[in-house]
Amino acid sequence: MDLSAKIFVAGHGGLAGSAISRRLAARGYRNIIIRTHAKLELTDALAVRAFFEAERPDYVFLAAARVGGILANRDHPAEFIQVNLAIQTNVIHESWKAGVKRLLFLGSSCVYPRLCPQPMKEEYLLTGPLEPTNQPYAIAKIAGIEMCWAYNRQYGTRFVTVMPPNLYGPGDNYDLDSSHFLPALIRKTHEAKAHGASDVEVWGTGTPRREVLYSDDMADACVLVMNLDKERLGVLFPDDRPPLVNIGCGEDLTIREFAETVSRVVGFRGRLRFDPSKPDGMPRKIVDVSRFSKLGWKPRVGLDEGVRLAYEDFQARLKSAAVS
Ligand SMILES: NC(=O)c1ccc[n+]([C@@H]2O[C@H](COP(=O)([O-])OP(=O)(O)OC[C@H]3O[C@@H](n4cnc5c(N)ncnc54)[C@H](OP(=O)(O)O)[C@@H]3O)[C@@H](O)[C@H]2O)c1
């Protein structure tokens, strides 16, 4: 991507989109186009068409989505499938019509089958039943991957999907009704400490294993993908397979270990109280990063540092009332 290229970051205000925008700005890209949700409703096909016709971006990072944890997925399954299908369909289709050179669609590791072998390789896509707690969301994401592949085959586009594990970092969602497990742990542990509580509640048994990636590392990997030359892009995304690649840190921990890390960073000395009546989700989730690692990429931010940075951001946003 040329530094003057016109780059649309869809969902720039979110956890992933803000990290991508920061990374692009830090790398010297000076023609980044953004629209708030209020200014451009991406589920509105006509509005998205008008936007692409007017702006004609060269590159698109598609980081806008309806995202949430187990509770939000359970309570809003219709929104998770409808909103995500609509956003993807509109942005991918209009990107093709506007002649976008490359589009990067953010997928998610939850598209892999619930009981597929771990670590999860790209080729396990569509090889078994999905985790029921987020199936509508996962099916929307799978449709997005297929749509990129179909457009590449029929129209010769270069639309690719990057599959990160759970992300965390500045600008995360700390609303306990819709947040992912790590920001939820940060918030609950912070509040337990602030109220002098003797324990903090942790959902589930604490035994499921999860992998996380700091959002700025994810953004670095995405910008790298968009900058690959044609040959290396072709090696990473061969034409005869769905165009997806896993990114991650290559290590997983139990929920208990995450909770212990958060307690350490927050300075909470109380007990962890596990609530097994709450759903655990998939027993283990870690992506196989061997394909992407061949590019020599590694994340830079370790868990302790990442949680510390996320906690600092959470505290700053509490003070500025950006988190209620
Ligand atoms: N968070 C994770 O752990 C994680 C892990 C793997 C993959 N991903 C992927 O990364 C992508 C972004 O996730 P995220 O965590 O950054 O989500 P997020 O923080 O909730 O951000 C999503 C962004 O999309 C915008 N948006 C949502 N619906 C929209 C609509 N209808 N029209 C226009 N804008 C809309 C939101 O704006 P408003 O807030 O104003 O609605 C927000 O700026 C998703 O595709 C997700 O699958 C995330």
# chains A, B, ... in the order shown; residues from 1 in each chain; ligands from 1

$ residues_around --residues "Ser108 in chain A" --least-positions-apart "6" --cutoff "7 Å" --atoms "only C-alpha atoms" --output "list in words"
Met163, Pro164 and Pro165 of chain A

$ select_by_dssp --residues "range 252-305 of chain A" --states "strand (DSSP E)" --output "PyMOL selection string"
chain A and resi 253-254+271-275+284-285

$ closest_residue --among "A:Ser324, A:Ser290, A:Ser21, A:Ser109" --to "Tyr174 in chain A" --atoms "only C-alpha atoms"
A:Ser324

$ residues_around --residues "Phe268 in chain A" --least-positions-apart "4" --cutoff "10 Å" --atoms "only C-alpha atoms" --output "MDAnalysis selection string"
chainID A and resid 189:194 196:200 260 262:264

$ closest_residue --among "A:Pro183, A:Pro117, A:Pro299, A:Pro242" --to "ligand 1" --atoms "only C-alpha atoms and all ligand atoms"
A:Pro183

$ residues_around --residues "range 14-18 of chain A" --least-positions-apart "5" --cutoff "7 Å" --atoms "only C-alpha atoms" --output "list in words"
Val9, Ala63, Gly169, Pro170, Gly171, Asp172 and Ser215 of chain A

$ write_last_selection --atoms "all heavy atoms" --output "CSV table (one decimal), in the first residue's frame"
chain,number,residue,atom,x,y,z
A,9,VAL,N,-11.2,2.3,6.8
A,9,VAL,CA,-11.2,1.4,7.9
A,9,VAL,C,-12.7,1.4,8.4
A,9,VAL,O,-13.1,2.3,9.1
A,9,VAL,CB,-10.3,1.8,9.1
A,9,VAL,CG1,-10.3,0.8,10.2
A,9,VAL,CG2,-8.8,1.9,8.5
A,63,ALA,N,-13.6,-4.0,9.7
A,63,ALA,CA,-13.5,-4.4,11.1
A,63,ALA,C,-14.8,-3.9,11.8
A,63,ALA,O,-14.8,-3.9,13.0
A,63,ALA,CB,-12.3,-3.7,11.8
A,169,GLY,N,-7.4,-5.0,24.4
A,169,GLY,CA,-6.5,-3.8,24.3
A,169,GLY,C,-7.3,-2.5,24.5
A,169,GLY,O,-8.5,-2.5,24.9
A,170,PRO,N,-6.7,-1.4,24.1
A,170,PRO,CA,-7.4,-0.1,24.3
A,170,PRO,C,-8.7,0.0,23.6
A,170,PRO,O,-8.8,-0.5,22.5
A,170,PRO,CB,-6.4,0.9,23.7
A,170,PRO,CG,-5.1,0.2,23.8
A,170,PRO,CD,-5.4,-1.2,23.6
A,171,GLY,N,-9.7,0.6,24.3
A,171,GLY,CA,-11.0,0.7,23.6
A,171,GLY,C,-11.9,-0.5,23.7
A,171,GLY,O,-12.9,-0.6,23.0
A,172,ASP,N,-11.5,-1.5,24.5
A,172,ASP,CA,-12.3,-2.7,24.6
A,172,ASP,C,-13.7,-2.4,25.2
A,172,ASP,O,-13.9,-1.3,25.8
A,172,ASP,CB,-11.6,-3.7,25.4
A,172,ASP,CG,-11.9,-5.2,25.0
A,172,ASP,OD1,-12.9,-5.4,24.4
A,172,ASP,OD2,-11.1,-6.1,25.4
A,215,SER,N,-4.5,-6.1,20.7
A,215,SER,CA,-5.1,-5.6,19.5
A,215,SER,C,-4.1,-4.9,18.6
A,215,SER,O,-4.2,-5.0,17.4
A,215,SER,CB,-6.2,-4.6,19.8
A,215,SER,OG,-5.7,-3.5,20.6

$ residues_near_ligand --ligand "ligand 1" --cutoff "8 Å" --atoms "only C-alpha atoms and all ligand atoms" --output "JSON, numbers by chain"
{"A": [10, 11, 12, 13, 14, 15, 16, 17, 18, 35, 36, 37, 38, 40, 41, 42, 43, 44, 62, 63, 64, 65, 66, 67, 68, 83, 84, 87, 105, 106, 107, 108, 109, 110, 141, 163, 164, 165, 166, 167, 168, 171, 172, 173, 180, 212]}

$ closest_residue --among "A:Lys188, A:Phe292, A:Arg102, A:Thr133" --to "Phe314 in chain A" --atoms "only C-alpha atoms"
A:Lys188

$ residues_around --residues "Arg284 in chain A" --least-positions-apart "2" --cutoff "10 Å" --atoms "only C-alpha atoms" --output "VMD selection string"
chain A and resid 114 to 120 207 to 211 252 to 254 280 to 282 286 to 287

$ closest_residue --among "A:Gly306, A:Gly69, A:Lys294, A:Tyr59" --to "Leu176 in chain A" --atoms "only C-alpha atoms"
A:Gly69

$ closest_residue --among "A:Asn227, A:Asn152, A:Asn73, A:Gln88" --to "Gln135 in chain A" --atoms "only C-alpha atoms"
A:Asn73

$ select_by_dssp --residues "range 111-317 of chain A" --states "alpha helix (DSSP H)" --output "number ranges by chain"
A: 135-155, 181-194, 215-227, 230-236, 255-266, 290-293, 303-317

$ write_last_selection --atoms "C-alpha atoms" --output "PDB file, in the first residue's frame"
ATOM      1  CA  GLN A 135     -23.404 -20.313  15.873  1.00  0.00           C
ATOM      2  CA  PRO A 136     -25.362 -17.434  14.236  1.00  0.00           C
ATOM      3  CA  TYR A 137     -22.290 -15.178  14.495  1.00  0.00           C
ATOM      4  CA  ALA A 138     -19.950 -17.906  13.266  1.00  0.00           C
ATOM      5  CA  ILE A 139     -22.188 -18.719  10.294  1.00  0.00           C
ATOM      6  CA  ALA A 140     -22.227 -15.040   9.306  1.00  0.00           C
ATOM      7  CA  LYS A 141     -18.429 -14.989   9.475  1.00  0.00           C
ATOM      8  CA  ILE A 142     -18.176 -18.175   7.396  1.00  0.00           C
ATOM      9  CA  ALA A 143     -20.463 -16.572   4.808  1.00  0.00           C
ATOM     10  CA  GLY A 144     -18.072 -13.592   4.704  1.00  0.00           C
ATOM     11  CA  ILE A 145     -15.078 -15.857   4.056  1.00  0.00           C
ATOM     12  CA  GLU A 146     -16.975 -17.679   1.322  1.00  0.00           C
ATOM     13  CA  MET A 147     -18.056 -14.398  -0.184  1.00  0.00           C
ATOM     14  CA  CYS A 148     -14.453 -13.151  -0.382  1.00  0.00           C
ATOM     15  CA  TRP A 149     -13.423 -16.427  -2.019  1.00  0.00           C
ATOM     16  CA  ALA A 150     -16.339 -16.406  -4.464  1.00  0.00           C
ATOM     17  CA  TYR A 151     -15.593 -12.814  -5.541  1.00  0.00           C
ATOM     18  CA  ASN A 152     -11.903 -13.665  -5.951  1.00  0.00           C
ATOM     19  CA  ARG A 153     -12.785 -16.622  -8.198  1.00  0.00           C
ATOM     20  CA  GLN A 154     -15.467 -14.950 -10.249  1.00  0.00           C
ATOM     21  CA  TYR A 155     -14.223 -11.360 -10.393  1.00  0.00           C
ATOM     22  CA  PHE A 181     -14.045 -12.863  29.030  1.00  0.00           C
ATOM     23  CA  LEU A 182     -10.803 -10.899  29.481  1.00  0.00           C
ATOM     24  CA  PRO A 183     -12.238  -7.353  29.669  1.00  0.00           C
ATOM     25  CA  ALA A 184     -15.004  -8.789  31.901  1.00  0.00           C
ATOM     26  CA  LEU A 185     -12.334 -10.206  34.224  1.00  0.00           C
ATOM     27  CA  ILE A 186     -10.511  -6.847  34.269  1.00  0.00           C
ATOM     28  CA  ARG A 187     -13.665  -4.988  35.204  1.00  0.00           C
ATOM     29  CA  LYS A 188     -14.886  -7.462  37.814  1.00  0.00           C
ATOM     30  CA  THR A 189     -11.461  -7.711  39.436  1.00  0.00           C
ATOM     31  CA  HIS A 190     -11.073  -3.930  39.492  1.00  0.00           C
ATOM     32  CA  GLU A 191     -14.492  -3.576  41.129  1.00  0.00           C
ATOM     33  CA  ALA A 192     -13.777  -6.347  43.654  1.00  0.00           C
ATOM     34  CA  LYS A 193     -10.591  -4.542  44.666  1.00  0.00           C
ATOM     35  CA  ALA A 194     -12.300  -1.136  44.787  1.00  0.00           C
ATOM     36  CA  SER A 215      -5.131  -5.572  19.494  1.00  0.00           C
ATOM     37  CA  ASP A 216      -2.068  -3.634  18.316  1.00  0.00           C
ATOM     38  CA  ASP A 217      -0.337  -6.908  17.425  1.00  0.00           C
ATOM     39  CA  MET A 218      -3.414  -7.963  15.443  1.00  0.00           C
ATOM     40  CA  ALA A 219      -3.315  -4.612  13.610  1.00  0.00           C
ATOM     41  CA  ASP A 220       0.363  -5.025  12.818  1.00  0.00           C
ATOM     42  CA  ALA A 221      -0.351  -8.453  11.285  1.00  0.00           C
ATOM     43  CA  CYS A 222      -3.267  -7.045   9.234  1.00  0.00           C
ATOM     44  CA  VAL A 223      -1.206  -4.173   7.819  1.00  0.00           C
ATOM     45  CA  LEU A 224       1.520  -6.668   6.940  1.00  0.00           C
ATOM     46  CA  VAL A 225      -0.985  -8.820   5.001  1.00  0.00           C
ATOM     47  CA  MET A 226      -2.251  -5.811   3.055  1.00  0.00           C
ATOM     48  CA  ASN A 227       1.340  -4.953   2.110  1.00  0.00           C
ATOM     49  CA  LYS A 230       1.354 -10.411  -5.155  1.00  0.00           C
ATOM     50  CA  GLU A 231       3.501 -13.533  -5.001  1.00  0.00           C
ATOM     51  CA  ARG A 232       3.609 -13.803  -1.203  1.00  0.00           C
ATOM     52  CA  LEU A 233      -0.109 -13.029  -0.995  1.00  0.00           C
ATOM     53  CA  GLY A 234      -0.699 -15.900  -3.431  1.00  0.00           C
ATOM     54  CA  VAL A 235       1.345 -18.284  -1.275  1.00  0.00           C
ATOM     55  CA  LEU A 236      -0.538 -17.277   1.876  1.00  0.00           C
ATOM     56  CA  ILE A 255      -9.449 -19.099  32.254  1.00  0.00           C
ATOM     57  CA  ARG A 256      -8.101 -19.584  35.797  1.00  0.00           C
ATOM     58  CA  GLU A 257      -4.632 -18.538  34.648  1.00  0.00           C
ATOM     59  CA  PHE A 258      -6.050 -15.456  32.924  1.00  0.00           C
ATOM     60  CA  ALA A 259      -7.961 -14.582  36.101  1.00  0.00           C
ATOM     61  CA  GLU A 260      -4.767 -14.959  38.132  1.00  0.00           C
ATOM     62  CA  THR A 261      -2.856 -12.689  35.717  1.00  0.00           C
ATOM     63  CA  VAL A 262      -5.581 -10.049  35.933  1.00  0.00           C
ATOM     64  CA  SER A 263      -5.590 -10.244  39.761  1.00  0.00           C
ATOM     65  CA  ARG A 264      -1.831  -9.756  39.768  1.00  0.00           C
ATOM     66  CA  VAL A 265      -1.938  -6.748  37.422  1.00  0.00           C
ATOM     67  CA  VAL A 266      -4.908  -5.131  39.179  1.00  0.00           C
ATOM     68  CA  SER A 290       2.250 -22.047  11.396  1.00  0.00           C
ATOM     69  CA  ARG A 291       1.114 -20.728   7.994  1.00  0.00           C
ATOM     70  CA  PHE A 292       1.370 -17.079   9.059  1.00  0.00           C
ATOM     71  CA  SER A 293       4.585 -17.639  11.057  1.00  0.00           C
ATOM     72  CA  LEU A 303       0.087 -11.119  28.388  1.00  0.00           C
ATOM     73  CA  ASP A 304       1.227  -9.305  31.529  1.00  0.00           C
ATOM     74  CA  GLU A 305       2.181  -6.191  29.575  1.00  0.00           C
ATOM     75  CA  GLY A 306      -0.987  -6.347  27.470  1.00  0.00           C
ATOM     76  CA  VAL A 307      -3.244  -6.700  30.519  1.00  0.00           C
ATOM     77  CA  ARG A 308      -1.383  -3.828  32.185  1.00  0.00           C
ATOM     78  CA  LEU A 309      -1.907  -1.592  29.120  1.00  0.00           C
ATOM     79  CA  ALA A 310      -5.555  -2.622  28.841  1.00  0.00           C
ATOM     80  CA  TYR A 311      -6.085  -1.970  32.570  1.00  0.00           C
ATOM     81  CA  GLU A 312      -4.514   1.496  32.268  1.00  0.00           C
ATOM     82  CA  ASP A 313      -6.870   2.257  29.385  1.00  0.00           C
ATOM     83  CA  PHE A 314      -9.853   0.928  31.376  1.00  0.00           C
ATOM     84  CA  GLN A 315      -8.961   3.163  34.350  1.00  0.00           C
ATOM     85  CA  ALA A 316      -8.466   6.215  32.106  1.00  0.00           C
ATOM     86  CA  ARG A 317     -11.845   5.601  30.469  1.00  0.00           C
TER      87      ARG A 317
END

$ closest_residue --among "A:Pro113, A:Pro243, A:Pro276, A:Gly248" --to "Pro129 in chain A" --atoms "only C-alpha atoms"
A:Pro113
